[in-house]
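> Take a look at query_34.csv, CSV, C-alpha atoms and all ligand atoms:
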chain,number,residue,atom,x,y,z
A,1,MET,CA,0.0,0.0,0.0
A,2,TYR,CA,0.9,3.7,-0.2
A,3,ARG,CA,2.9,5.4,2.4
A,4,THR,CA,0.8,7.9,4.4
A,5,VAL,CA,1.6,11.5,5.2
A,6,TYR,CA,0.6,12.7,8.7
A,7,SER,CA,1.7,16.3,8.4
A,8,PRO,CA,1.4,19.3,6.0
A,9,GLN,CA,3.5,19.1,2.9
A,10,GLY,CA,6.9,20.6,3.4
A,11,ALA,CA,10.6,20.0,3.4
A,12,ARG,CA,10.1,17.7,6.4
A,13,ILE,CA,7.0,15.5,6.6
A,14,ASN,CA,5.7,12.9,8.9
A,15,LEU,CA,5.6,9.8,6.6
A,16,ASP,CA,4.2,6.6,8.1
A,17,GLY,CA,4.9,8.0,11.6
A,18,ARG,CA,8.5,9.0,10.9
A,19,GLU,CA,10.0,12.4,10.3
A,20,VAL,CA,11.8,12.5,6.9
A,21,VAL,CA,13.3,15.0,4.6
A,22,ASN,CA,10.9,15.1,1.7
A,23,MET,CA,12.6,14.8,-1.6
A,24,ALA,CA,9.5,13.5,-3.5
A,25,SER,CA,6.7,16.0,-3.7
A,26,ASN,CA,6.2,18.6,-6.4
A,27,ASN,CA,6.1,21.5,-3.9
A,28,TYR,CA,8.8,23.3,-5.9
A,29,LEU,CA,8.4,26.7,-4.1
A,30,GLY,CA,7.6,25.2,-0.7
A,31,LEU,CA,4.4,27.2,-0.6
A,32,ALA,CA,1.8,24.3,-0.1
A,33,SER,CA,1.7,25.1,3.6
A,34,HIS,CA,2.8,28.7,3.7
A,35,PRO,CA,0.8,30.5,6.4
A,36,ASP,CA,-0.4,33.2,4.0
A,37,VAL,CA,-1.6,30.6,1.6
A,38,ILE,CA,-3.4,28.6,4.3
A,39,GLN,CA,-5.0,31.9,5.5
A,40,ALA,CA,-6.2,32.7,1.9
A,41,ALA,CA,-7.8,29.2,1.7
A,42,LYS,CA,-9.4,29.6,5.2
A,43,ALA,CA,-10.9,32.9,4.3
A,44,ALA,CA,-12.4,31.4,1.1
A,45,LEU,CA,-13.7,28.4,3.1
A,46,ASP,CA,-15.5,30.8,5.5
A,47,GLN,CA,-16.9,32.9,2.6
A,48,TYR,CA,-17.9,30.2,0.1
A,49,GLY,CA,-18.0,26.9,2.0
A,50,VAL,CA,-16.4,23.6,1.0
A,51,GLY,CA,-17.7,22.1,-2.2
A,52,PRO,CA,-18.8,24.0,-5.4
A,53,THR,CA,-21.6,21.4,-5.8
A,54,ALA,CA,-22.2,22.4,-9.5
A,55,SER,CA,-20.3,22.9,-12.6
A,56,ARG,CA,-19.0,26.4,-13.2
A,57,ASN,CA,-21.4,26.8,-16.2
A,58,ILE,CA,-24.4,26.2,-13.9
A,59,VAL,CA,-24.0,27.7,-10.4
A,60,GLY,CA,-20.4,26.6,-9.4
A,61,ASN,CA,-18.6,29.7,-10.7
A,62,PHE,CA,-17.2,31.8,-7.8
A,63,PRO,CA,-15.5,35.2,-8.1
A,64,VAL,CA,-12.2,33.7,-7.0
A,65,HIS,CA,-12.2,31.5,-10.2
A,66,ASP,CA,-12.4,34.6,-12.4
A,67,GLU,CA,-9.8,36.4,-10.3
A,68,LEU,CA,-7.4,33.4,-10.5
A,69,GLU,CA,-7.9,33.2,-14.3
A,70,LYS,CA,-7.0,36.9,-14.6
A,71,ALA,CA,-4.0,36.6,-12.3
A,72,LEU,CA,-2.7,33.5,-14.1
A,73,ALA,CA,-3.1,35.2,-17.5
A,74,LYS,CA,-1.1,38.2,-16.2
A,75,PHE,CA,1.6,35.9,-14.7
A,76,LYS,CA,1.9,33.8,-17.9
A,77,GLU,CA,1.7,36.9,-20.1
A,78,VAL,CA,-1.1,35.5,-22.2
A,79,GLU,CA,-4.5,37.0,-23.1
A,80,ALA,CA,-6.6,34.5,-21.1
A,81,THR,CA,-6.7,31.3,-19.1
A,82,LEU,CA,-9.4,28.8,-18.1
A,83,VAL,CA,-9.1,27.0,-14.8
A,84,PHE,CA,-9.9,23.2,-14.5
A,85,ASN,CA,-10.1,21.0,-11.5
A,86,CYS,CA,-6.7,19.5,-12.3
A,87,GLY,CA,-4.0,19.3,-15.0
A,88,VAL,CA,-5.3,15.9,-16.2
A,89,SER,CA,-8.7,17.5,-16.9
A,90,ALA,CA,-7.0,20.5,-18.7
A,91,ASN,CA,-5.2,18.1,-21.1
A,92,THR,CA,-8.2,15.8,-21.7
A,93,GLY,CA,-10.4,18.8,-22.2
A,94,VAL,CA,-8.3,20.9,-24.6
A,95,ILE,CA,-6.8,18.3,-26.9
A,96,PRO,CA,-10.1,16.9,-28.2
A,97,PHE,CA,-11.3,20.6,-28.6
A,98,LEU,CA,-8.3,21.4,-30.8
A,99,VAL,CA,-8.3,18.3,-33.1
A,100,GLY,CA,-10.5,15.4,-34.0
A,101,LYS,CA,-11.1,12.6,-36.5
A,102,GLY,CA,-9.2,13.3,-39.7
A,103,ASP,CA,-6.6,15.4,-37.9
A,104,VAL,CA,-3.0,14.4,-36.8
A,105,ILE,CA,-1.2,14.8,-33.5
A,106,TYR,CA,2.6,14.6,-33.2
A,107,SER,CA,3.4,13.6,-29.7
A,108,ASP,CA,6.8,13.1,-27.9
A,109,ALA,CA,7.3,9.5,-26.8
A,110,LEU,CA,7.8,10.5,-23.2
A,111,ASN,CA,4.8,12.8,-22.9
A,112,HIS,CA,2.7,12.7,-19.7
A,113,GLY,CA,-0.1,10.1,-19.5
A,114,SER,CA,-2.8,12.8,-19.5
A,115,ILE,CA,-1.6,14.1,-22.8
A,116,ILE,CA,-1.7,10.6,-24.2
A,117,ASP,CA,-5.3,10.2,-22.9
A,118,GLY,CA,-6.3,13.6,-24.4
A,119,CYS,CA,-4.9,12.4,-27.7
A,120,ARG,CA,-6.8,9.2,-27.6
A,121,LEU,CA,-10.1,10.9,-26.7
A,122,SER,CA,-9.7,13.3,-29.6
A,123,GLY,CA,-10.0,10.5,-32.2
A,124,ALA,CA,-7.2,12.2,-34.2
A,125,GLN,CA,-4.4,10.0,-35.7
A,126,VAL,CA,-1.4,10.1,-33.3
A,127,LYS,CA,2.1,10.0,-34.6
A,128,VAL,CA,4.6,9.5,-31.7
A,129,TYR,CA,8.1,10.8,-32.4
A,130,HIS,CA,11.2,9.7,-30.5
A,131,HIS,CA,11.9,11.7,-27.3
A,132,LYS,CA,13.2,15.2,-28.2
A,133,ASP,CA,14.3,13.9,-31.6
A,134,MET,CA,13.8,16.6,-34.2
A,135,ILE,CA,14.7,14.3,-37.2
A,136,SER,CA,12.0,11.9,-36.0
A,137,LEU,CA,9.5,14.7,-35.6
A,138,GLU,CA,10.2,16.1,-39.1
A,139,GLU,CA,10.0,12.7,-40.7
A,140,ARG,CA,6.5,12.4,-39.4
A,141,LEU,CA,5.5,16.0,-40.3
A,142,LYS,CA,6.7,15.4,-43.9
A,143,GLU,CA,4.3,12.5,-44.4
A,144,PRO,CA,1.4,13.9,-46.5
A,145,GLU,CA,-1.8,14.3,-44.3
A,146,GLU,CA,-5.1,16.1,-44.6
A,147,GLY,CA,-6.7,17.9,-41.7
A,148,LYS,CA,-5.3,20.0,-38.9
A,149,LYS,CA,-1.9,19.3,-37.3
A,150,LEU,CA,-1.0,19.6,-33.6
A,151,ILE,CA,2.4,19.1,-32.0
A,152,VAL,CA,2.2,18.4,-28.3
A,153,THR,CA,5.0,18.2,-25.8
A,154,ASP,CA,5.8,18.5,-22.1
A,155,GLY,CA,7.9,21.6,-21.4
A,156,VAL,CA,9.9,19.8,-18.6
A,157,PHE,CA,9.8,16.0,-18.6
A,158,SER,CA,9.1,14.7,-15.1
A,159,MET,CA,11.1,11.5,-15.1
A,160,ASP,CA,14.4,13.0,-16.3
A,161,GLY,CA,14.1,16.7,-15.6
A,162,ASP,CA,15.1,17.5,-19.2
A,163,LEU,CA,13.6,20.2,-21.4
A,164,ALA,CA,11.8,19.9,-24.7
A,165,PRO,CA,13.8,21.6,-27.5
A,166,LEU,CA,11.0,24.2,-27.9
A,167,PRO,CA,12.8,26.6,-30.3
A,168,GLN,CA,13.4,23.8,-32.9
A,169,ILE,CA,9.9,22.4,-32.3
A,170,ALA,CA,8.4,25.9,-32.9
A,171,ASP,CA,10.4,26.2,-36.2
A,172,LEU,CA,9.0,22.8,-37.4
A,173,ALA,CA,5.5,23.8,-36.3
A,174,GLU,CA,5.7,26.9,-38.4
A,175,LYS,CA,7.4,25.1,-41.4
A,176,TYR,CA,4.6,22.5,-41.5
A,177,GLY,CA,1.7,24.6,-40.4
A,178,ALA,CA,1.0,22.8,-37.1
A,179,MET,CA,-0.4,24.2,-33.9
A,180,LEU,CA,2.0,23.9,-31.0
A,181,MET,CA,0.9,22.9,-27.5
A,182,VAL,CA,3.1,22.8,-24.4
A,183,ASP,CA,2.2,21.2,-21.1
A,184,ASP,CA,4.3,23.0,-18.5
A,185,ALA,CA,3.1,21.3,-15.3
A,186,HIS,CA,6.7,21.0,-14.1
A,187,GLY,CA,7.9,24.3,-15.7
A,188,ASP,CA,5.4,26.8,-14.3
A,189,GLY,CA,6.8,28.5,-11.2
A,190,VAL,CA,10.2,26.9,-11.9
A,191,MET,CA,11.6,27.9,-15.4
A,192,GLY,CA,12.1,31.2,-17.0
A,193,PRO,CA,12.0,34.8,-15.7
A,194,MET,CA,9.9,35.0,-12.5
A,195,GLY,CA,9.1,31.3,-13.0
A,196,ARG,CA,6.7,32.1,-15.9
A,197,GLY,CA,7.6,28.7,-17.5
A,198,THR,CA,9.6,26.9,-20.2
A,199,VAL,CA,8.0,28.9,-23.1
A,200,ASP,CA,9.4,32.1,-21.6
A,201,HIS,CA,12.6,30.5,-20.7
A,202,PHE,CA,13.1,30.1,-24.4
A,203,GLY,CA,11.5,33.5,-25.3
A,204,LEU,CA,8.8,31.8,-27.4
A,205,ARG,CA,5.6,33.4,-26.0
A,206,LYS,CA,4.3,34.5,-29.4
A,207,ARG,CA,5.1,31.2,-31.1
A,208,VAL,CA,3.2,28.7,-28.9
A,209,PHE,CA,-0.5,28.3,-29.6
A,210,VAL,CA,-1.7,26.9,-26.3
A,211,GLU,CA,-0.3,25.9,-22.9
A,212,THR,CA,-1.6,23.7,-20.2
A,213,GLY,CA,-0.5,23.7,-16.6
A,214,SER,CA,-1.1,22.4,-13.1
A,215,LEU,CA,-1.7,24.3,-9.9
A,216,SER,CA,-0.8,21.2,-7.8
A,217,LYS,CA,3.0,21.5,-8.2
A,218,ALA,CA,4.9,24.8,-7.8
A,219,PHE,CA,1.6,26.6,-7.0
A,220,GLY,CA,1.1,24.4,-4.0
A,221,SER,CA,-2.7,24.0,-4.4
A,222,ALA,CA,-4.6,21.6,-6.7
A,223,GLY,CA,-6.1,22.4,-10.1
A,224,GLY,CA,-5.1,22.9,-13.7
A,225,PHE,CA,-5.4,25.5,-16.4
A,226,VAL,CA,-5.3,26.2,-20.1
A,227,ALA,CA,-3.6,29.4,-21.3
A,228,GLY,CA,-3.8,31.1,-24.7
A,229,SER,CA,-5.5,33.7,-26.7
A,230,LYS,CA,-8.9,35.2,-25.7
A,231,GLU,CA,-10.5,33.7,-28.8
A,232,LEU,CA,-9.2,30.2,-27.9
A,233,ILE,CA,-10.2,30.3,-24.3
A,234,GLU,CA,-13.7,31.7,-25.0
A,235,ALA,CA,-14.3,29.0,-27.6
A,236,LEU,CA,-13.0,26.3,-25.2
A,237,ARG,CA,-15.1,27.4,-22.3
A,238,PRO,CA,-18.5,26.0,-23.5
A,239,LYS,CA,-16.9,23.0,-25.2
A,240,ALA,CA,-14.3,21.3,-23.0
A,241,ARG,CA,-16.1,18.2,-21.8
A,242,SER,CA,-13.9,17.8,-18.6
A,243,PHE,CA,-14.9,21.4,-17.7
A,244,ILE,CA,-18.7,21.4,-18.5
A,245,PHE,CA,-19.6,18.0,-17.2
A,246,THR,CA,-17.9,18.2,-13.7
A,247,ALA,CA,-19.7,19.3,-10.6
A,248,SER,CA,-16.2,19.2,-9.0
A,249,PRO,CA,-14.6,22.4,-10.5
A,250,MET,CA,-11.7,23.7,-8.5
A,251,ALA,CA,-12.9,24.3,-5.0
A,252,PRO,CA,-13.0,28.0,-4.1
A,253,CYS,CA,-10.6,27.5,-1.2
A,254,LEU,CA,-8.1,25.8,-3.6
A,255,ALA,CA,-8.6,28.6,-6.1
A,256,ALA,CA,-8.0,31.2,-3.4
A,257,ALA,CA,-4.8,29.4,-2.3
A,258,ALA,CA,-3.5,29.2,-5.9
A,259,LEU,CA,-4.4,32.9,-6.4
A,260,LYS,CA,-2.4,33.8,-3.3
A,261,VAL,CA,0.6,31.9,-4.6
A,262,VAL,CA,0.4,33.6,-8.0
A,263,GLU,CA,0.3,37.0,-6.3
A,264,MET,CA,3.3,36.1,-4.0
A,265,ILE,CA,5.5,34.9,-6.8
A,266,SER,CA,4.5,37.7,-9.2
A,267,GLU,CA,5.8,40.2,-6.6
A,268,ASP,CA,8.8,38.3,-5.3
A,269,GLU,CA,11.3,36.2,-7.3
A,270,ALA,CA,13.0,35.0,-4.1
A,271,TYR,CA,11.1,31.7,-4.0
A,272,VAL,CA,12.2,30.8,-7.6
A,273,LYS,CA,15.7,32.0,-6.9
A,274,LYS,CA,16.0,29.9,-3.7
A,275,LEU,CA,14.7,26.8,-5.6
A,276,TRP,CA,17.5,27.2,-8.2
A,277,LYS,CA,20.1,27.8,-5.5
A,278,ASN,CA,19.1,24.6,-3.9
A,279,ARG,CA,19.0,22.8,-7.2
A,280,GLU,CA,22.6,23.8,-8.1
A,281,TYR,CA,23.9,23.0,-4.6
A,282,PHE,CA,22.3,19.5,-4.6
A,283,ALA,CA,23.1,18.6,-8.2
A,284,ASN,CA,26.8,19.6,-7.5
A,285,ARG,CA,27.0,17.4,-4.5
A,286,ILE,CA,25.5,14.4,-6.2
A,287,THR,CA,27.6,14.8,-9.4
A,288,LYS,CA,30.8,15.1,-7.4
A,289,LEU,CA,30.1,11.7,-5.8
A,290,GLY,CA,30.2,10.2,-9.3
A,291,LEU,CA,26.5,9.4,-9.4
A,292,ASN,CA,24.7,9.7,-12.7
A,293,ILE,CA,22.0,12.3,-12.9
A,294,GLY,CA,21.3,11.9,-16.6
A,295,THR,CA,20.2,14.9,-18.7
A,296,THR,CA,18.5,17.0,-16.1
A,297,VAL,CA,18.7,20.8,-16.2
A,298,THR,CA,15.9,21.4,-13.8
A,299,PRO,CA,15.0,20.8,-10.1
A,300,VAL,CA,13.9,17.2,-10.9
A,301,ILE,CA,17.1,15.2,-10.3
A,302,PRO,CA,17.1,11.5,-11.2
A,303,VAL,CA,19.8,9.5,-9.5
A,304,ILE,CA,20.1,6.7,-12.0
A,305,VAL,CA,21.2,3.4,-10.5
A,306,GLY,CA,20.1,1.0,-13.3
A,307,ASP,CA,18.5,-2.0,-11.7
A,308,GLY,CA,14.9,-1.7,-10.5
A,309,ALA,CA,15.3,-3.8,-7.3
A,310,LEU,CA,18.4,-1.8,-6.4
A,311,ALA,CA,16.6,1.5,-6.8
A,312,GLN,CA,13.8,0.2,-4.5
A,313,ARG,CA,16.2,-1.1,-1.9
A,314,MET,CA,18.0,2.2,-1.9
A,315,SER,CA,14.7,4.1,-1.4
A,316,GLU,CA,13.9,1.9,1.6
A,317,ASP,CA,17.4,2.3,3.0
A,318,LEU,CA,17.1,6.1,2.7
A,319,PHE,CA,13.8,6.0,4.5
A,320,GLU,CA,15.5,4.3,7.4
A,321,LYS,CA,18.1,7.1,7.3
A,322,GLY,CA,15.3,9.8,7.5
A,323,VAL,CA,15.1,10.8,3.8
A,324,PHE,CA,12.3,10.0,1.3
A,325,ALA,CA,13.1,9.8,-2.4
A,326,GLN,CA,10.8,7.8,-4.7
A,327,ALA,CA,12.2,4.8,-6.6
A,328,ILE,CA,11.1,4.8,-10.2
A,329,GLN,CA,11.4,1.7,-12.4
A,330,PHE,CA,10.1,0.0,-15.5
A,331,PRO,CA,7.6,0.7,-17.1
A,332,MET,CA,7.8,4.4,-16.0
A,333,VAL,CA,11.4,4.4,-17.3
A,334,PRO,CA,13.5,2.0,-19.4
A,335,LYS,CA,14.5,-1.4,-17.8
A,336,ASN,CA,18.2,-0.5,-17.3
A,337,ALA,CA,17.5,3.1,-16.1
A,338,ALA,CA,15.8,2.7,-12.8
A,339,ARG,CA,16.4,5.6,-10.5
A,340,LEU,CA,15.7,7.5,-7.3
A,341,ARG,CA,13.8,10.6,-8.3
A,342,VAL,CA,14.8,13.6,-6.2
A,343,ILE,CA,12.7,16.8,-6.4
A,344,LEU,CA,14.2,20.0,-5.0
A,345,SER,CA,12.2,22.6,-3.3
A,346,ALA,CA,12.8,26.2,-2.2
A,347,GLY,CA,11.6,25.0,1.2
A,348,HIS,CA,14.6,22.8,1.8
A,349,THR,CA,17.3,24.2,4.1
A,350,ARG,CA,21.0,23.6,3.5
A,351,GLU,CA,20.8,21.2,6.4
A,352,ASP,CA,18.0,19.2,4.7
A,353,LEU,CA,20.0,19.0,1.5
A,354,ASP,CA,23.1,17.9,3.3
A,355,LEU,CA,21.2,15.3,5.2
A,356,ALA,CA,19.7,13.9,2.0
A,357,ALA,CA,23.0,14.0,0.1
A,358,ASP,CA,24.9,12.3,2.9
A,359,ALA,CA,22.3,9.6,3.1
A,360,ILE,CA,22.4,9.0,-0.6
A,361,GLU,CA,26.2,8.9,-0.5
A,362,GLU,CA,26.2,6.4,2.4
A,363,SER,CA,23.6,4.2,0.8
A,364,ALA,CA,25.2,4.3,-2.7
A,365,ARG,CA,28.6,3.2,-1.1
A,366,ALA,CA,26.9,0.4,0.9
A,367,MET,CA,25.3,-0.9,-2.3
A,368,GLY,CA,28.5,-0.7,-4.3
A,369,ILE,CA,27.2,1.9,-6.8
A,370,ILE,CA,30.1,4.3,-6.0
B,1,LIG,C1,1.4,16.4,-13.0
B,1,LIG,C2,1.2,16.6,-14.5
B,1,LIG,C3,-0.1,16.7,-15.0
B,1,LIG,C4,-1.3,16.6,-14.2
B,1,LIG,O1,-1.6,17.7,-13.4
B,1,LIG,P1,-2.5,17.5,-12.2
B,1,LIG,O2,-2.9,18.9,-11.8
B,1,LIG,O3,-1.7,16.8,-11.1
B,1,LIG,O4,-3.7,16.7,-12.6
B,1,LIG,C5,-0.2,16.9,-16.4
B,1,LIG,N1,0.9,17.0,-17.2
B,1,LIG,C6,2.2,16.9,-16.7
B,1,LIG,C7,3.4,17.0,-17.6
B,1,LIG,C8,2.3,16.6,-15.3
B,1,LIG,O5,3.6,16.5,-14.8
Could you write out this file's structure as structure tokens?
Ligand SMILES: *Cc1c(COP(=O)(O)O)cnc(C)c1O

Amino acid sequence: MYRTVYSPQGARINLDGREVVNMASNNYLGLASHPDVIQAAKAALDQYGVGPTASRNIVGNFPVHDELEKALAKFKEVEATLVFNCGVSANTGVIPFLVGKGDVIYSDALNHGSIIDGCRLSGAQVKVYHHKDMISLEERLKEPEEGKKLIVTDGVFSMDGDLAPLPQIADLAEKYGAMLMVDDAHGDGVMGPMGRGTVDHFGLRKRVFVETGSLSKAFGSAGGFVAGSKELIEALRPKARSFIFTASPMAPCLAAAALKVVEMISEDEAYVKKLWKNREYFANRITKLGLNIGTTVTPVIPVIVGDGALAQRMSEDLFEKGVFAQAIQFPMVPKNAARLRVILSAGHTREDLDLAADAIEESARAMGII
């Protein structure tokens, strides 16, 4: 069964009754249990109650949803956004809206499962290209096809912490007349100026047609969104099935919490800067030990050990040492590339990072990896 958390999310959590340094959640900016964020959620709870009890297009639309959409649009520097109850719903809602039967989707082989589901739901033909391989993508784009074309990719890939080559993908999208969609669930609040995301990291704001994102990672709440032009968002609003058929839209207290985080990080880059400082420190320590961190350039750091059983044993050994990092093995990653996945947070102190790195070193030595 799953391990159980008996504390708020943070750099240290109580996991199965034991205090551990948390190197596994997506709480990039450490804001999931920030007092101001909790306060914002509490105020919304008092004002609007718990459940929305209706879809937003019936009587489940609260002012805080509209405020959050405006704030997110400003933060992302797009015309408009539409908030969903999670990132999975954003992907499964927007892809079938963009393309359908007779159209073609070009999808990176390592795209997130919810992108894959959105592609399947659309009924469009899906051509999967090799991970980040622009020759493979162009080969597929060259094949003669009728109908609309959509290229879809993660901005940051969550298993390896590597980035999609968005400038080259944007070139190919323009050359072959395809729409470009980027899912930046792990890039928002992390990459680019002020944490505006991977698209802005590459300076491609005007060349990406649509983005999806999650409010459950750096934003420390739970929810998802689609970002794009006003025209696109207004057309999507009455059509996205995962939006109009759910009486579980983002709860107002979660929307208020996410709104607070957007305000905090829009005013103060310190959280994003601290995250990157922690990332550089930790990546340096792990690399110096001779451990393999693959192709990561983000705060997702895979410690690749190869064998799946070894990764699992190491994760359990670390837990005994007071550190939690998730073991990830086949079929999530290739058979010979099992790993511990470490996710850095702005909430980690230097002491937390040293404790985690020391434990990984000790464990890797005991298991003969270094
Ligand atoms: C986590 C994630 C999602 C799903 O977002 P949720 O808000 O957790 O449903 C979608 N895409 C990617 C790339 C993700 O990493």
> Which residues sit within 7 Å of ligand LIG 1 (chain B), counting all atoms listed in the file, listed as a PDB file with C-alpha atoms, keeping the file's coordinate frame?

ATOM      1  CA  CYS A  86      -6.700  19.500 -12.300  1.00  0.00           C
ATOM      2  CA  GLY A  87      -4.000  19.300 -15.000  1.00  0.00           C
ATOM      3  CA  VAL A  88      -5.300  15.900 -16.200  1.00  0.00           C
ATOM      4  CA  SER A  89      -8.700  17.500 -16.900  1.00  0.00           C
ATOM      5  CA  ASN A  91      -5.200  18.100 -21.100  1.00  0.00           C
ATOM      6  CA  ASN A 111       4.800  12.800 -22.900  1.00  0.00           C
ATOM      7  CA  HIS A 112       2.700  12.700 -19.700  1.00  0.00           C
ATOM      8  CA  SER A 114      -2.800  12.800 -19.500  1.00  0.00           C
ATOM      9  CA  ILE A 115      -1.600  14.100 -22.800  1.00  0.00           C
ATOM     10  CA  ASP A 154       5.800  18.500 -22.100  1.00  0.00           C
ATOM     11  CA  PHE A 157       9.800  16.000 -18.600  1.00  0.00           C
ATOM     12  CA  SER A 158       9.100  14.700 -15.100  1.00  0.00           C
ATOM     13  CA  ASP A 183       2.200  21.200 -21.100  1.00  0.00           C
ATOM     14  CA  ASP A 184       4.300  23.000 -18.500  1.00  0.00           C
ATOM     15  CA  ALA A 185       3.100  21.300 -15.300  1.00  0.00           C
ATOM     16  CA  HIS A 186       6.700  21.000 -14.100  1.00  0.00           C
ATOM     17  CA  GLY A 213      -0.500  23.700 -16.600  1.00  0.00           C
ATOM     18  CA  SER A 214      -1.100  22.400 -13.100  1.00  0.00           C
ATOM     19  CA  LEU A 215      -1.700  24.300  -9.900  1.00  0.00           C
ATOM     20  CA  SER A 216      -0.800  21.200  -7.800  1.00  0.00           C
ATOM     21  CA  ALA A 222      -4.600  21.600  -6.700  1.00  0.00           C
ATOM     22  CA  GLY A 223      -6.100  22.400 -10.100  1.00  0.00           C
ATOM     23  CA  GLY A 224      -5.100  22.900 -13.700  1.00  0.00           C
TER      24      GLY A 224
END
> Given the choices A:Gly30, A:Pro249, A:Gly203, A:Gly113, which gets closest to Gly51 in chain A if the distance is worked out from all atoms listed in the file?
A:Pro249
> Can you tell me how far CA of Leu68 in chain A sits from CA of Val99 in chain A, in Å to one decimal?
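CA of Val99 in chain A lies at a distance of 27.2 Å from CA of Leu68 in chain A.
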> For Val261 in chain A, which residue out of A:Ala338, A:Ala71, A:Ile301, A:Val59 is the nearest one, using only C-alpha atoms?
A:Ala71
> Report as a PyMOL selection string all protein, DNA and RNA residues lying within 12 Å of Ile233 in chain A, evaluated on only C-alpha atoms, omitting residues in the same chain fewer than 5 positions from it.
chain A and resi 69+73+78-83+90+93-94+97-98+209-212+225-228+238-240
> What would the file look like if the residues just selected were written as a CSV table (one decimal), in the coordinates of the input with C-alpha atoms?

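What ended up in out.csv:
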chain,number,residue,atom,x,y,z
A,69,GLU,CA,-7.9,33.2,-14.3
A,73,ALA,CA,-3.1,35.2,-17.5
A,78,VAL,CA,-1.1,35.5,-22.2
A,79,GLU,CA,-4.5,37.0,-23.1
A,80,ALA,CA,-6.6,34.5,-21.1
A,81,THR,CA,-6.7,31.3,-19.1
A,82,LEU,CA,-9.4,28.8,-18.1
A,83,VAL,CA,-9.1,27.0,-14.8
A,90,ALA,CA,-7.0,20.5,-18.7
A,93,GLY,CA,-10.4,18.8,-22.2
A,94,VAL,CA,-8.3,20.9,-24.6
A,97,PHE,CA,-11.3,20.6,-28.6
A,98,LEU,CA,-8.3,21.4,-30.8
A,209,PHE,CA,-0.5,28.3,-29.6
A,210,VAL,CA,-1.7,26.9,-26.3
A,211,GLU,CA,-0.3,25.9,-22.9
A,212,THR,CA,-1.6,23.7,-20.2
A,225,PHE,CA,-5.4,25.5,-16.4
A,226,VAL,CA,-5.3,26.2,-20.1
A,227,ALA,CA,-3.6,29.4,-21.3
A,228,GLY,CA,-3.8,31.1,-24.7
A,238,PRO,CA,-18.5,26.0,-23.5
A,239,LYS,CA,-16.9,23.0,-25.2
A,240,ALA,CA,-14.3,21.3,-23.0
> Any idea what's packed within 12 Å of Ser7 in chain A, counting only C-alpha atoms, ignoring anything in its chain fewer than 4 positions away? Could you give it as an MDAnalysis selection string?
chainID A and resid 11:20 22 32:33
> Between CA of Met332 in chain A and CA of Tyr106 in chain A, what distance in Å does the model show, to one decimal?
20.7 Å
> Counting only C-alpha atoms, which residue out of A:Leu254, A:Val126, A:Ala173, A:Cys119 sits closest to Glu138 in chain A?
A:Ala173
> Compile the contact shell of Glu269 in chain A as a list of chain:residue names: residues with an atom at most 6 Å away, counting all atoms listed in the file, same-chain residues fewer than 3 positions apart removed.
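Near neighbours after the sequence-gap exclusion: A:Met194, A:Ile265, A:Val272.
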> Env of Leu355 in chain A: 12 Å cut, atoms = all atoms listed in the file, seq-sep filter 6 positions within chain, self excluded. Answer as a ChimeraX atom specification.
/A:11-12,20-23,282,285,318-319,321-324,348-349,361-362
> Check the smallest atom-to-atom distance from each of A:Ala44, A:His201, A:Gln125, A:Asn85 to Gly102 in chain A using all atoms listed in the file, then report the winner.
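Distance minimum relative to Gly102 in chain A lands on A:Gln125.
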> I'd like the neighbourhood of range 162-170 of chain A as a tab-separated table (two decimals) with C-alpha atoms, in the coordinates of the input, where a residue qualifies if any of its atoms comes within 8 Å (using all atoms listed in the file), though same-chain residues fewer than 3 positions away should be ignored.

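Below is the file that was written, result_39.tsv:
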chain	number	residue	atom	x	y	z
A	132	LYS	CA	13.20	15.20	-28.20
A	134	MET	CA	13.80	16.60	-34.20
A	153	THR	CA	5.00	18.20	-25.80
A	154	ASP	CA	5.80	18.50	-22.10
A	155	GLY	CA	7.90	21.60	-21.40
A	156	VAL	CA	9.90	19.80	-18.60
A	157	PHE	CA	9.80	16.00	-18.60
A	158	SER	CA	9.10	14.70	-15.10
A	173	ALA	CA	5.50	23.80	-36.30
A	174	GLU	CA	5.70	26.90	-38.40
A	180	LEU	CA	2.00	23.90	-31.00
A	198	THR	CA	9.60	26.90	-20.20
A	199	VAL	CA	8.00	28.90	-23.10
A	202	PHE	CA	13.10	30.10	-24.40
A	204	LEU	CA	8.80	31.80	-27.40
A	207	ARG	CA	5.10	31.20	-31.10
A	208	VAL	CA	3.20	28.70	-28.90
A	295	THR	CA	20.20	14.90	-18.70
A	296	THR	CA	18.50	17.00	-16.10
A	297	VAL	CA	18.70	20.80	-16.20
A	298	THR	CA	15.90	21.40	-13.80
> Suppose you want the space between CA of Ala366 in chain A and CA of Val333 in chain A; what is it in Å?
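Result for CA of Ala366 in chain A versus CA of Val333 in chain A: 24.2 Å, one decimal.
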> Dig up all the protein and nucleic acid residues within 10 Å of (22.3, -1.3, 0.0) in the file frame, using only C-alpha atoms, and format them as a ChimeraX atom specification.
/A:310-318,362-369
> Go ahead and save the residues from that selection, with C-alpha atoms, as a short mmCIF file (atom, residue, chain, number, x, y, z; two decimals), in the coordinates of the input.

data_model
loop_
_atom_site.label_atom_id
_atom_site.label_comp_id
_atom_site.auth_asym_id
_atom_site.auth_seq_id
_atom_site.Cartn_x
_atom_site.Cartn_y
_atom_site.Cartn_z
CA LEU A 310 18.40 -1.80 -6.40
CA ALA A 311 16.60 1.50 -6.80
CA GLN A 312 13.80 0.20 -4.50
CA ARG A 313 16.20 -1.10 -1.90
CA MET A 314 18.00 2.20 -1.90
CA SER A 315 14.70 4.10 -1.40
CA GLU A 316 13.90 1.90 1.60
CA ASP A 317 17.40 2.30 3.00
CA LEU A 318 17.10 6.10 2.70
CA GLU A 362 26.20 6.40 2.40
CA SER A 363 23.60 4.20 0.80
CA ALA A 364 25.20 4.30 -2.70
CA ARG A 365 28.60 3.20 -1.10
CA ALA A 366 26.90 0.40 0.90
CA MET A 367 25.30 -0.90 -2.30
CA GLY A 368 28.50 -0.70 -4.30
CA ILE A 369 27.20 1.90 -6.80
#
